[in-house]
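What follows is target_32.pdb (PDB, C-alpha atoms).
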```pdb
ATOM      1  CA  MET R   1     -30.441  20.851   4.395  1.00  0.00           C
ATOM      2  CA  LYS R   2     -27.534  23.227   4.937  1.00  0.00           C
ATOM      3  CA  VAL R   3     -23.944  22.761   3.801  1.00  0.00           C
ATOM      4  CA  LYS R   4     -21.606  23.097   6.782  1.00  0.00           C
ATOM      5  CA  ASN R   5     -18.340  22.458   5.009  1.00  0.00           C
ATOM      6  CA  LYS R   6     -17.222  21.822   1.464  1.00  0.00           C
ATOM      7  CA  PHE R   7     -14.193  20.926  -0.575  1.00  0.00           C
ATOM      8  CA  ASN R   8     -13.405  20.654  -4.264  1.00  0.00           C
ATOM      9  CA  MET R   9     -10.634  18.937  -6.090  1.00  0.00           C
ATOM     10  CA  THR R  10      -9.646  18.166  -9.643  1.00  0.00           C
ATOM     11  CA  LEU R  11      -7.601  15.073 -10.363  1.00  0.00           C
ATOM     12  CA  THR R  12      -5.918  13.657 -13.408  1.00  0.00           C
ATOM     13  CA  ALA R  13      -7.625  10.385 -14.322  1.00  0.00           C
ATOM     14  CA  CYS R  14      -4.671   8.097 -13.689  1.00  0.00           C
ATOM     15  CA  SER R  15      -4.931   5.006 -11.523  1.00  0.00           C
ATOM     16  CA  ALA R  16      -2.400   6.220  -8.926  1.00  0.00           C
ATOM     17  CA  ASN R  17      -5.050   8.783  -7.932  1.00  0.00           C
ATOM     18  CA  GLU R  18      -7.573   6.126  -6.882  1.00  0.00           C
ATOM     19  CA  SER R  19      -6.000   5.738  -3.449  1.00  0.00           C
ATOM     20  CA  PHE R  20      -5.380   9.485  -3.228  1.00  0.00           C
ATOM     21  CA  ALA R  21      -9.076  10.274  -3.816  1.00  0.00           C
ATOM     22  CA  ARG R  22     -10.105   7.723  -1.155  1.00  0.00           C
ATOM     23  CA  ALA R  23      -7.674   9.153   1.364  1.00  0.00           C
ATOM     24  CA  CYS R  24      -8.865  12.751   0.776  1.00  0.00           C
ATOM     25  CA  ILE R  25     -12.557  11.933   1.147  1.00  0.00           C
ATOM     26  CA  SER R  26     -11.942   9.809   4.194  1.00  0.00           C
ATOM     27  CA  ALA R  27      -9.934  12.585   5.875  1.00  0.00           C
ATOM     28  CA  PHE R  28     -12.691  15.087   5.069  1.00  0.00           C
ATOM     29  CA  ALA R  29     -15.463  12.759   6.306  1.00  0.00           C
ATOM     30  CA  ALA R  30     -13.603  12.186   9.585  1.00  0.00           C
ATOM     31  CA  GLN R  31     -15.110  15.369  11.061  1.00  0.00           C
ATOM     32  CA  LEU R  32     -18.506  13.587  11.126  1.00  0.00           C
ATOM     33  CA  ASP R  33     -17.021  11.029  13.513  1.00  0.00           C
ATOM     34  CA  PRO R  34     -17.971   8.019  11.388  1.00  0.00           C
ATOM     35  CA  THR R  35     -17.504   4.420  12.461  1.00  0.00           C
ATOM     36  CA  LEU R  36     -14.775   2.378  10.821  1.00  0.00           C
ATOM     37  CA  GLU R  37     -17.434   0.615   8.754  1.00  0.00           C
ATOM     38  CA  GLU R  38     -18.985   3.889   7.579  1.00  0.00           C
ATOM     39  CA  ILE R  39     -15.622   5.336   6.554  1.00  0.00           C
ATOM     40  CA  ASN R  40     -14.778   2.138   4.687  1.00  0.00           C
ATOM     41  CA  ASP R  41     -18.134   2.223   2.897  1.00  0.00           C
ATOM     42  CA  ILE R  42     -17.434   5.778   1.736  1.00  0.00           C
ATOM     43  CA  LYS R  43     -13.881   4.927   0.647  1.00  0.00           C
ATOM     44  CA  THR R  44     -15.089   1.919  -1.323  1.00  0.00           C
ATOM     45  CA  ALA R  45     -17.849   3.859  -3.105  1.00  0.00           C
ATOM     46  CA  VAL R  46     -15.452   6.691  -4.019  1.00  0.00           C
ATOM     47  CA  SER R  47     -12.900   4.193  -5.266  1.00  0.00           C
ATOM     48  CA  GLU R  48     -15.528   2.625  -7.551  1.00  0.00           C
ATOM     49  CA  ALA R  49     -16.652   5.966  -8.968  1.00  0.00           C
ATOM     50  CA  VAL R  50     -13.108   7.209  -9.595  1.00  0.00           C
ATOM     51  CA  THR R  51     -12.111   3.883 -11.165  1.00  0.00           C
ATOM     52  CA  ASN R  52     -15.120   4.128 -13.495  1.00  0.00           C
ATOM     53  CA  CYS R  53     -13.844   7.520 -14.699  1.00  0.00           C
ATOM     54  CA  ILE R  54     -10.405   6.051 -15.428  1.00  0.00           C
ATOM     55  CA  VAL R  55     -11.474   2.722 -16.952  1.00  0.00           C
ATOM     56  CA  HIS R  56     -14.615   3.825 -18.809  1.00  0.00           C
ATOM     57  CA  ALA R  57     -15.042   7.587 -19.155  1.00  0.00           C
ATOM     58  CA  TYR R  58     -11.478   8.306 -20.268  1.00  0.00           C
ATOM     59  CA  LYS R  59     -10.553   5.084 -22.054  1.00  0.00           C
ATOM     60  CA  GLU R  60      -8.319   6.746 -24.621  1.00  0.00           C
ATOM     61  CA  GLU R  61      -7.252   9.931 -22.853  1.00  0.00           C
ATOM     62  CA  LEU R  62      -5.936  11.260 -19.571  1.00  0.00           C
ATOM     63  CA  GLY R  63      -8.898  13.442 -18.628  1.00  0.00           C
ATOM     64  CA  LYS R  64      -9.853  15.188 -15.433  1.00  0.00           C
ATOM     65  CA  ILE R  65     -12.026  14.024 -12.551  1.00  0.00           C
ATOM     66  CA  TYR R  66     -13.931  16.642 -10.570  1.00  0.00           C
ATOM     67  CA  ILE R  67     -14.760  15.776  -6.987  1.00  0.00           C
ATOM     68  CA  THR R  68     -16.835  17.816  -4.545  1.00  0.00           C
ATOM     69  CA  ALA R  69     -17.716  16.764  -1.039  1.00  0.00           C
ATOM     70  CA  GLU R  70     -20.097  18.522   1.334  1.00  0.00           C
ATOM     71  CA  ILE R  71     -20.764  17.998   5.008  1.00  0.00           C
ATOM     72  CA  LEU R  72     -24.483  18.534   5.560  1.00  0.00           C
ATOM     73  CA  ASP R  73     -26.156  19.645   8.779  1.00  0.00           C
ATOM     74  CA  THR R  74     -28.123  16.381   8.717  1.00  0.00           C
ATOM     75  CA  ASN R  75     -24.898  14.582   9.692  1.00  0.00           C
ATOM     76  CA  ALA R  76     -24.423  13.310   6.180  1.00  0.00           C
ATOM     77  CA  ILE R  77     -21.777  13.636   3.514  1.00  0.00           C
ATOM     78  CA  LYS R  78     -22.680  14.356  -0.088  1.00  0.00           C
ATOM     79  CA  ILE R  79     -20.089  13.441  -2.682  1.00  0.00           C
ATOM     80  CA  LYS R  80     -20.164  14.433  -6.339  1.00  0.00           C
ATOM     81  CA  ILE R  81     -17.841  12.801  -8.826  1.00  0.00           C
ATOM     82  CA  ARG R  82     -17.961  14.153 -12.362  1.00  0.00           C
ATOM     83  CA  ASP R  83     -16.046  13.522 -15.563  1.00  0.00           C
ATOM     84  CA  LYS R  84     -16.112  14.949 -19.071  1.00  0.00           C
ATOM     85  CA  GLY R  85     -15.517  11.587 -20.708  1.00  0.00           C
ATOM     86  CA  CYS R  86     -17.427   9.461 -23.181  1.00  0.00           C
ATOM     87  CA  GLY R  87     -20.642   9.150 -21.173  1.00  0.00           C
ATOM     88  CA  ILE R  88     -22.831   6.117 -20.535  1.00  0.00           C
ATOM     89  CA  GLU R  89     -25.302   5.068 -23.216  1.00  0.00           C
ATOM     90  CA  ASP R  90     -27.730   3.277 -20.919  1.00  0.00           C
ATOM     91  CA  VAL R  91     -27.341   4.216 -17.251  1.00  0.00           C
ATOM     92  CA  SER R  92     -29.847   1.696 -15.885  1.00  0.00           C
ATOM     93  CA  LYS R  93     -28.112  -1.098 -17.790  1.00  0.00           C
ATOM     94  CA  ALA R  94     -24.684   0.044 -16.542  1.00  0.00           C
ATOM     95  CA  MET R  95     -26.032  -0.129 -13.006  1.00  0.00           C
ATOM     96  CA  GLU R  96     -27.116  -3.767 -13.286  1.00  0.00           C
ATOM     97  CA  PRO R  97     -24.875  -6.004 -11.160  1.00  0.00           C
ATOM     98  CA  LEU R  98     -22.306  -7.978 -13.191  1.00  0.00           C
ATOM     99  CA  TYR R  99     -22.878  -5.873 -16.322  1.00  0.00           C
ATOM    100  CA  THR R 100     -19.556  -4.767 -17.766  1.00  0.00           C
ATOM    101  CA  THR R 101     -18.433  -3.498 -21.127  1.00  0.00           C
ATOM    102  CA  VAL R 102     -14.782  -4.354 -20.629  1.00  0.00           C
ATOM    103  CA  GLY R 103     -15.033  -7.952 -19.346  1.00  0.00           C
ATOM    104  CA  GLY R 104     -11.934  -9.839 -18.246  1.00  0.00           C
ATOM    105  CA  GLU R 105     -10.740  -8.686 -14.869  1.00  0.00           C
ATOM    106  CA  ARG R 106     -13.563  -6.227 -14.157  1.00  0.00           C
ATOM    107  CA  ALA R 107     -16.376  -7.731 -12.096  1.00  0.00           C
ATOM    108  CA  GLY R 108     -19.108  -5.307 -13.220  1.00  0.00           C
ATOM    109  CA  LEU R 109     -19.985  -4.507  -9.623  1.00  0.00           C
ATOM    110  CA  GLY R 110     -18.945  -0.859  -9.352  1.00  0.00           C
ATOM    111  CA  PHE R 111     -22.440   0.636  -9.244  1.00  0.00           C
ATOM    112  CA  ALA R 112     -23.782  -2.257  -7.147  1.00  0.00           C
ATOM    113  CA  VAL R 113     -21.148  -1.459  -4.508  1.00  0.00           C
ATOM    114  CA  MET R 114     -21.933   2.278  -4.618  1.00  0.00           C
ATOM    115  CA  GLN R 115     -25.657   1.549  -4.247  1.00  0.00           C
ATOM    116  CA  SER R 116     -25.218  -0.925  -1.465  1.00  0.00           C
ATOM    117  CA  PHE R 117     -22.599   0.967   0.570  1.00  0.00           C
ATOM    118  CA  MET R 118     -24.128   4.454   0.324  1.00  0.00           C
ATOM    119  CA  ASP R 119     -27.573   5.739   1.363  1.00  0.00           C
ATOM    120  CA  GLY R 120     -28.413   7.316  -1.976  1.00  0.00           C
ATOM    121  CA  ILE R 121     -26.960   7.585  -5.459  1.00  0.00           C
ATOM    122  CA  LYS R 122     -27.986   9.487  -8.568  1.00  0.00           C
ATOM    123  CA  VAL R 123     -26.266   8.975 -11.899  1.00  0.00           C
ATOM    124  CA  THR R 124     -26.748  11.232 -14.893  1.00  0.00           C
ATOM    125  CA  SER R 125     -24.842  10.886 -18.125  1.00  0.00           C
ATOM    126  CA  LYS R 126     -24.688  12.303 -21.639  1.00  0.00           C
ATOM    127  CA  ILE R 127     -22.884  10.624 -24.496  1.00  0.00           C
ATOM    128  CA  GLY R 128     -19.814  12.631 -25.420  1.00  0.00           C
ATOM    129  CA  LYS R 129     -20.317  15.024 -22.490  1.00  0.00           C
ATOM    130  CA  GLY R 130     -19.600  12.949 -19.420  1.00  0.00           C
ATOM    131  CA  THR R 131     -21.086  11.412 -16.309  1.00  0.00           C
ATOM    132  CA  ASN R 132     -22.144  12.877 -12.990  1.00  0.00           C
ATOM    133  CA  ILE R 133     -22.522  10.777  -9.848  1.00  0.00           C
ATOM    134  CA  VAL R 134     -23.994  12.143  -6.619  1.00  0.00           C
ATOM    135  CA  MET R 135     -23.876   9.964  -3.529  1.00  0.00           C
ATOM    136  CA  ILE R 136     -25.025  10.533   0.036  1.00  0.00           C
ATOM    137  CA  LYS R 137     -23.961   8.727   3.166  1.00  0.00           C
ATOM    138  CA  LYS R 138     -25.630   9.359   6.517  1.00  0.00           C
ATOM    139  CA  ILE R 139     -23.351   9.059   9.480  1.00  0.00           C
ATOM    140  CA  SER R 140     -24.838   7.638  12.647  1.00  0.00           C
ATOM    141  CA  LEU R 141     -24.909   9.963  15.643  1.00  0.00           C
ATOM    142  CA  ARG R 142     -22.785   8.733  18.496  1.00  0.00           C
ATOM    143  CA  TYR R 143     -22.417   9.557  22.183  1.00  0.00           C
ATOM    144  CA  ASN R 144     -20.391  12.795  22.098  1.00  0.00           C
ATOM    145  CA  ASN R 145     -22.432  14.849  19.631  1.00  0.00           C
ATOM    146  CA  GLY R 146     -23.630  18.135  21.077  1.00  0.00           C
TER     147      GLY R 146
ATOM    148  CA  MET Z 147       5.786  -6.540  -2.832  1.00  0.00           C
ATOM    149  CA  SER Z 148       1.998  -6.725  -2.758  1.00  0.00           C
ATOM    150  CA  VAL Z 149       1.818 -10.536  -2.741  1.00  0.00           C
ATOM    151  CA  LYS Z 150       3.799 -13.151  -0.858  1.00  0.00           C
ATOM    152  CA  ILE Z 151       3.594 -16.629  -2.324  1.00  0.00           C
ATOM    153  CA  ASP Z 152       4.021 -19.793  -0.298  1.00  0.00           C
ATOM    154  CA  VAL Z 153       4.037 -23.239  -1.917  1.00  0.00           C
ATOM    155  CA  THR Z 154       3.445 -26.414   0.116  1.00  0.00           C
ATOM    156  CA  GLY Z 155       3.034 -29.520  -2.037  1.00  0.00           C
ATOM    157  CA  GLU Z 156       0.049 -28.936  -4.297  1.00  0.00           C
ATOM    158  CA  VAL Z 157      -1.180 -25.956  -2.304  1.00  0.00           C
ATOM    159  CA  VAL Z 158      -0.289 -22.400  -3.278  1.00  0.00           C
ATOM    160  CA  THR Z 159      -1.037 -19.713  -0.715  1.00  0.00           C
ATOM    161  CA  ALA Z 160      -0.981 -16.090  -1.823  1.00  0.00           C
ATOM    162  CA  TYR Z 161      -0.773 -13.594   1.037  1.00  0.00           C
ATOM    163  CA  LEU Z 162      -2.177 -10.315  -0.321  1.00  0.00           C
ATOM    164  CA  ILE Z 163      -0.768  -7.166   1.229  1.00  0.00           C
ATOM    165  CA  GLY Z 164      -2.040  -3.567   1.298  1.00  0.00           C
ATOM    166  CA  ASP Z 165      -4.813  -1.954  -0.751  1.00  0.00           C
ATOM    167  CA  ILE Z 166      -6.459  -3.840  -3.600  1.00  0.00           C
ATOM    168  CA  ASP Z 167      -7.831  -1.486  -6.226  1.00  0.00           C
ATOM    169  CA  HIS Z 168      -7.675  -1.118  -9.994  1.00  0.00           C
ATOM    170  CA  HIS Z 169      -4.159   0.351  -9.656  1.00  0.00           C
ATOM    171  CA  THR Z 170      -2.649  -2.470  -7.565  1.00  0.00           C
ATOM    172  CA  ALA Z 171      -4.673  -5.466  -8.781  1.00  0.00           C
ATOM    173  CA  LYS Z 172      -2.640  -5.918 -11.967  1.00  0.00           C
ATOM    174  CA  GLU Z 173       0.644  -6.678 -10.222  1.00  0.00           C
ATOM    175  CA  MET Z 174      -1.100  -8.990  -7.738  1.00  0.00           C
ATOM    176  CA  ARG Z 175      -2.790 -10.810 -10.587  1.00  0.00           C
ATOM    177  CA  GLU Z 176       0.489 -11.317 -12.458  1.00  0.00           C
ATOM    178  CA  ASN Z 177       2.229 -12.657  -9.365  1.00  0.00           C
ATOM    179  CA  ILE Z 178      -0.560 -15.090  -8.560  1.00  0.00           C
ATOM    180  CA  ASP Z 179      -0.922 -16.253 -12.165  1.00  0.00           C
ATOM    181  CA  ASN Z 180       2.814 -16.914 -12.371  1.00  0.00           C
ATOM    182  CA  ALA Z 181       2.615 -19.054  -9.244  1.00  0.00           C
ATOM    183  CA  ILE Z 182      -0.371 -20.969 -10.632  1.00  0.00           C
ATOM    184  CA  GLU Z 183       1.366 -21.611 -13.928  1.00  0.00           C
ATOM    185  CA  LEU Z 184       4.582 -22.688 -12.259  1.00  0.00           C
ATOM    186  CA  ASN Z 185       3.130 -24.955  -9.548  1.00  0.00           C
ATOM    187  CA  MET Z 186      -0.192 -26.166 -11.007  1.00  0.00           C
ATOM    188  CA  PRO Z 187      -1.798 -26.324  -7.566  1.00  0.00           C
ATOM    189  CA  THR Z 188      -4.920 -28.338  -6.732  1.00  0.00           C
ATOM    190  CA  LEU Z 189      -5.764 -25.646  -4.191  1.00  0.00           C
ATOM    191  CA  LEU Z 190      -5.128 -21.902  -4.197  1.00  0.00           C
ATOM    192  CA  ILE Z 191      -5.563 -20.050  -0.920  1.00  0.00           C
ATOM    193  CA  LEU Z 192      -5.943 -16.292  -1.072  1.00  0.00           C
ATOM    194  CA  ASP Z 193      -5.140 -14.862   2.337  1.00  0.00           C
ATOM    195  CA  PHE Z 194      -6.594 -11.389   3.035  1.00  0.00           C
ATOM    196  CA  LYS Z 195      -5.260 -10.937   6.568  1.00  0.00           C
ATOM    197  CA  ASP Z 196      -3.015  -8.005   5.597  1.00  0.00           C
ATOM    198  CA  VAL Z 197      -5.343  -6.345   3.112  1.00  0.00           C
ATOM    199  CA  SER Z 198      -6.148  -2.825   4.277  1.00  0.00           C
ATOM    200  CA  PHE Z 199      -8.718  -1.920   1.632  1.00  0.00           C
ATOM    201  CA  MET Z 200     -10.485  -3.594  -1.269  1.00  0.00           C
ATOM    202  CA  ASP Z 201     -12.981  -2.419  -3.871  1.00  0.00           C
ATOM    203  CA  SER Z 202     -14.617  -4.392  -6.696  1.00  0.00           C
ATOM    204  CA  SER Z 203     -11.237  -4.724  -8.438  1.00  0.00           C
ATOM    205  CA  GLY Z 204     -10.513  -7.337  -5.759  1.00  0.00           C
ATOM    206  CA  ILE Z 205     -13.702  -9.168  -6.718  1.00  0.00           C
ATOM    207  CA  GLY Z 206     -12.471  -9.189 -10.312  1.00  0.00           C
ATOM    208  CA  LEU Z 207      -9.161 -10.589  -9.083  1.00  0.00           C
ATOM    209  CA  VAL Z 208     -10.890 -13.425  -7.194  1.00  0.00           C
ATOM    210  CA  MET Z 209     -13.305 -14.226 -10.047  1.00  0.00           C
ATOM    211  CA  GLY Z 210     -10.507 -14.233 -12.606  1.00  0.00           C
ATOM    212  CA  ARG Z 211      -8.388 -16.681 -10.558  1.00  0.00           C
ATOM    213  CA  TYR Z 212     -11.456 -18.854 -10.018  1.00  0.00           C
ATOM    214  CA  ARG Z 213     -11.890 -19.108 -13.783  1.00  0.00           C
ATOM    215  CA  THR Z 214      -8.220 -20.003 -14.277  1.00  0.00           C
ATOM    216  CA  LEU Z 215      -8.346 -22.695 -11.571  1.00  0.00           C
ATOM    217  CA  ALA Z 216     -11.606 -24.132 -12.895  1.00  0.00           C
ATOM    218  CA  LYS Z 217      -9.788 -25.210 -16.077  1.00  0.00           C
ATOM    219  CA  THR Z 218      -7.744 -27.716 -14.056  1.00  0.00           C
ATOM    220  CA  ARG Z 219     -10.546 -28.318 -11.527  1.00  0.00           C
ATOM    221  CA  ALA Z 220      -8.424 -26.806  -8.798  1.00  0.00           C
ATOM    222  CA  GLU Z 221     -10.116 -25.310  -5.750  1.00  0.00           C
ATOM    223  CA  LEU Z 222     -10.082 -21.772  -4.396  1.00  0.00           C
ATOM    224  CA  HIS Z 223     -10.211 -20.829  -0.722  1.00  0.00           C
ATOM    225  CA  ILE Z 224     -10.382 -17.358   0.769  1.00  0.00           C
ATOM    226  CA  MET Z 225      -8.948 -16.919   4.236  1.00  0.00           C
ATOM    227  CA  ASN Z 226      -8.912 -14.282   6.953  1.00  0.00           C
ATOM    228  CA  ALA Z 227     -10.911 -11.570   5.197  1.00  0.00           C
ATOM    229  CA  PRO Z 228     -11.371  -8.582   7.549  1.00  0.00           C
ATOM    230  CA  PRO Z 229     -15.023  -7.471   8.091  1.00  0.00           C
ATOM    231  CA  GLN Z 230     -15.150  -4.773   5.389  1.00  0.00           C
ATOM    232  CA  ILE Z 231     -13.623  -7.092   2.817  1.00  0.00           C
ATOM    233  CA  PHE Z 232     -15.965  -9.883   3.859  1.00  0.00           C
ATOM    234  CA  LYS Z 233     -18.829  -7.443   3.238  1.00  0.00           C
ATOM    235  CA  ILE Z 234     -17.859  -6.833  -0.387  1.00  0.00           C
ATOM    236  CA  LEU Z 235     -17.097 -10.532  -1.003  1.00  0.00           C
ATOM    237  CA  LYS Z 236     -20.600 -11.380   0.244  1.00  0.00           C
ATOM    238  CA  LEU Z 237     -22.143  -8.656  -1.933  1.00  0.00           C
ATOM    239  CA  ALA Z 238     -20.507 -10.309  -4.951  1.00  0.00           C
ATOM    240  CA  GLY Z 239     -21.692 -13.782  -3.912  1.00  0.00           C
ATOM    241  CA  ILE Z 240     -18.131 -15.100  -3.822  1.00  0.00           C
ATOM    242  CA  GLU Z 241     -19.112 -17.882  -1.398  1.00  0.00           C
ATOM    243  CA  LYS Z 242     -20.615 -19.635  -4.437  1.00  0.00           C
ATOM    244  CA  LEU Z 243     -17.161 -19.849  -6.022  1.00  0.00           C
ATOM    245  CA  ALA Z 244     -14.803 -20.186  -3.110  1.00  0.00           C
ATOM    246  CA  LYS Z 245     -14.795 -21.518   0.406  1.00  0.00           C
ATOM    247  CA  LEU Z 246     -14.518 -18.655   2.882  1.00  0.00           C
ATOM    248  CA  GLY Z 247     -12.393 -19.541   5.899  1.00  0.00           C
ATOM    249  CA  GLY Z 248     -11.586 -17.870   9.178  1.00  0.00           C
ATOM    250  CA  TYR Z 249      -8.511 -17.720  11.286  1.00  0.00           C
ATOM    251  CA  SER Z 250      -7.119 -21.227  10.884  1.00  0.00           C
ATOM    252  CA  ASN Z 251      -4.986 -23.283   8.563  1.00  0.00           C
ATOM    253  CA  GLU Z 252      -7.789 -25.410   7.185  1.00  0.00           C
ATOM    254  CA  GLY Z 253      -6.360 -25.268   3.709  1.00  0.00           C
ATOM    255  CA  LYS Z 254      -3.079 -26.846   4.732  1.00  0.00           C
ATOM    256  CA  LYS Z 255      -4.459 -30.122   6.127  1.00  0.00           C
TER     257      LYS Z 255
END
```

Let me see the structure of the file written as structure tokens.
Amino acid sequence: MKVKNKFNMTLTACSANESFARACISAFAAQLDPTLEEINDIKTAVSEAVTNCIVHAYKEELGKIYITAEILDTNAIKIKIRDKGCGIEDVSKAMEPLYTTVGGERAGLGFAVMQSFMDGIKVTSKIGKGTNIVMIKKISLRYNNG
Amino acid sequence: MSVKIDVTGEVVTAYLIGDIDHHTAKEMRENIDNAIELNMPTLLILDFKDVSFMDSSGIGLVMGRYRTLAKTRAELHIMNAPPQIFKILKLAGIEKLAKLGGYSNEGKK
């Protein structure tokens, strides 16, 4: 698997950047000629991951979110979203649908959406160090690919 | 304005506009909750026709309003959800809480 193109960005973990992060990734992914559904899947997954950083990782501080995206020669996009926040105590529990630590208006579906809308996801986390999410989305090949 | 509210008798319709994420959901929630408190509807219709994007914050918004309405046994309908939004509503199993409607005015009968 070779990396054909790559971009990095660092964002302040404030909620106004949720839409900004989605827009950046979707503009970058456009070169793979994704369908509207594929681009929306990617945007939704990125939105969930970035929101997790803001709501959970940096509850008490305005930390930084590190995003890397790579276009792979397998016609896929690999997205890494990393924070240096509080970390997740039990990753498999956090990934259970409807599980949430904040309750109220959060549905507890962030990871379920990422899992369902992307083709692969890996989550690693260390308490006090932060969380690292790697997601892959394959983009279907369409007529004009040479 | 991210929500337009329309009141017809005991029916409150909230037309949601733009992106629904963690950043925008709060204002939408406050607007809808104000309308519920003020009008005590027997039916709340959430119209998604003009929603351009929604993540799980929108699911939280729907589930939260469902819980509020359940206290007065009022009903919740969801109308005109575009395909991508329908996809995430289905993932969350929202059809168990709310009636999902298409492009009609069923709720206004």

Kindly determine which residues of chain R lie within 7 Å of chain Z, considering all atoms listed in the file, and give the answer as a PDB file with C-alpha atoms, in the frame of the given file.
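Final output, saved to iface-v2.pdb:
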```pdb
ATOM      1  CA  SER R  15      -4.931   5.006 -11.523  1.00  0.00           C
ATOM      2  CA  ALA R  16      -2.400   6.220  -8.926  1.00  0.00           C
ATOM      3  CA  GLU R  37     -17.434   0.615   8.754  1.00  0.00           C
ATOM      4  CA  ASN R  40     -14.778   2.138   4.687  1.00  0.00           C
ATOM      5  CA  THR R  44     -15.089   1.919  -1.323  1.00  0.00           C
ATOM      6  CA  SER R  47     -12.900   4.193  -5.266  1.00  0.00           C
ATOM      7  CA  GLU R  48     -15.528   2.625  -7.551  1.00  0.00           C
ATOM      8  CA  THR R  51     -12.111   3.883 -11.165  1.00  0.00           C
ATOM      9  CA  GLU R 105     -10.740  -8.686 -14.869  1.00  0.00           C
ATOM     10  CA  ARG R 106     -13.563  -6.227 -14.157  1.00  0.00           C
ATOM     11  CA  ALA R 107     -16.376  -7.731 -12.096  1.00  0.00           C
ATOM     12  CA  LEU R 109     -19.985  -4.507  -9.623  1.00  0.00           C
ATOM     13  CA  GLY R 110     -18.945  -0.859  -9.352  1.00  0.00           C
TER      14      GLY R 110
END
```

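One finds atom CA of R:Gly85 at 10.2 Å from atom CA of R:Ala13.
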
Next on the checklist: Since I can't run it myself right now, could you work out what the PyMOL selection byres ((chain Z and resi 246) around 8) selects here and report it as number ranges by chain?
Outcome noted: Z: 223-225, 241, 244-245, 247-248

Next on the checklist: Once the PyMOL selection byres ((chain R and resi 33) around 12) has been evaluated on this model, what residues remain selected, and can you format them as a PyMOL selection string?
Outcome noted: chain R and resi 26-32+34-39+71+75-77+138-145

How about saving the chosen residues, C-alpha atoms kept, as a PDB file, keeping the file's coordinate frame?
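Output below, filename again.pdb:
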```pdb
ATOM      1  CA  SER R  26     -11.942   9.809   4.194  1.00  0.00           C
ATOM      2  CA  ALA R  27      -9.934  12.585   5.875  1.00  0.00           C
ATOM      3  CA  PHE R  28     -12.691  15.087   5.069  1.00  0.00           C
ATOM      4  CA  ALA R  29     -15.463  12.759   6.306  1.00  0.00           C
ATOM      5  CA  ALA R  30     -13.603  12.186   9.585  1.00  0.00           C
ATOM      6  CA  GLN R  31     -15.110  15.369  11.061  1.00  0.00           C
ATOM      7  CA  LEU R  32     -18.506  13.587  11.126  1.00  0.00           C
ATOM      8  CA  PRO R  34     -17.971   8.019  11.388  1.00  0.00           C
ATOM      9  CA  THR R  35     -17.504   4.420  12.461  1.00  0.00           C
ATOM     10  CA  LEU R  36     -14.775   2.378  10.821  1.00  0.00           C
ATOM     11  CA  GLU R  37     -17.434   0.615   8.754  1.00  0.00           C
ATOM     12  CA  GLU R  38     -18.985   3.889   7.579  1.00  0.00           C
ATOM     13  CA  ILE R  39     -15.622   5.336   6.554  1.00  0.00           C
ATOM     14  CA  ILE R  71     -20.764  17.998   5.008  1.00  0.00           C
ATOM     15  CA  ASN R  75     -24.898  14.582   9.692  1.00  0.00           C
ATOM     16  CA  ALA R  76     -24.423  13.310   6.180  1.00  0.00           C
ATOM     17  CA  ILE R  77     -21.777  13.636   3.514  1.00  0.00           C
ATOM     18  CA  LYS R 138     -25.630   9.359   6.517  1.00  0.00           C
ATOM     19  CA  ILE R 139     -23.351   9.059   9.480  1.00  0.00           C
ATOM     20  CA  SER R 140     -24.838   7.638  12.647  1.00  0.00           C
ATOM     21  CA  LEU R 141     -24.909   9.963  15.643  1.00  0.00           C
ATOM     22  CA  ARG R 142     -22.785   8.733  18.496  1.00  0.00           C
ATOM     23  CA  TYR R 143     -22.417   9.557  22.183  1.00  0.00           C
ATOM     24  CA  ASN R 144     -20.391  12.795  22.098  1.00  0.00           C
ATOM     25  CA  ASN R 145     -22.432  14.849  19.631  1.00  0.00           C
TER      26      ASN R 145
END
```

Next on the checklist: Quick check on the file I pasted: which residues fall under the PyMOL selection byres ((chain R and resi 123-136) around 6)? Write them as a ChimeraX atom specification.
Outcome noted: /R:77-88,119-122,137

Checklist entry - atom CA of Z:Leu192 to atom CA of R:Tyr99: how many Å, to one decimal? => result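 It comes out at 25.1 Å.
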
Item to check | Distance in Å - atom CA of R:Asn17 versus atom CA of R:Glu60 | outcome: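 One can read the atom CA of R:Asn17 to atom CA of R:Glu60 distance as 17.1 Å.
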
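Restricting the calculation to only C-alpha atoms, the smallest distance between Z:Ala160 and any of Z:Glu173, Z:Glu183, Z:Glu221, Z:Asp193 is found for Z:Asp193.
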
Checklist entry - Z:Val149, Z:Val157, Z:Met174, Z:Ala216: which is nearest Z:Pro187, counting only C-alpha atoms? => result Z:Val157

Checklist entry - Could you name the residues that touch Z:Ala181 at 9 Å or less, counting only C-alpha atoms, but leaving out those on the same chain fewer than 3 positions away, as an MDAnalysis selection string? => result chainID Z and resid 151 153 158 160 176:178 184:187
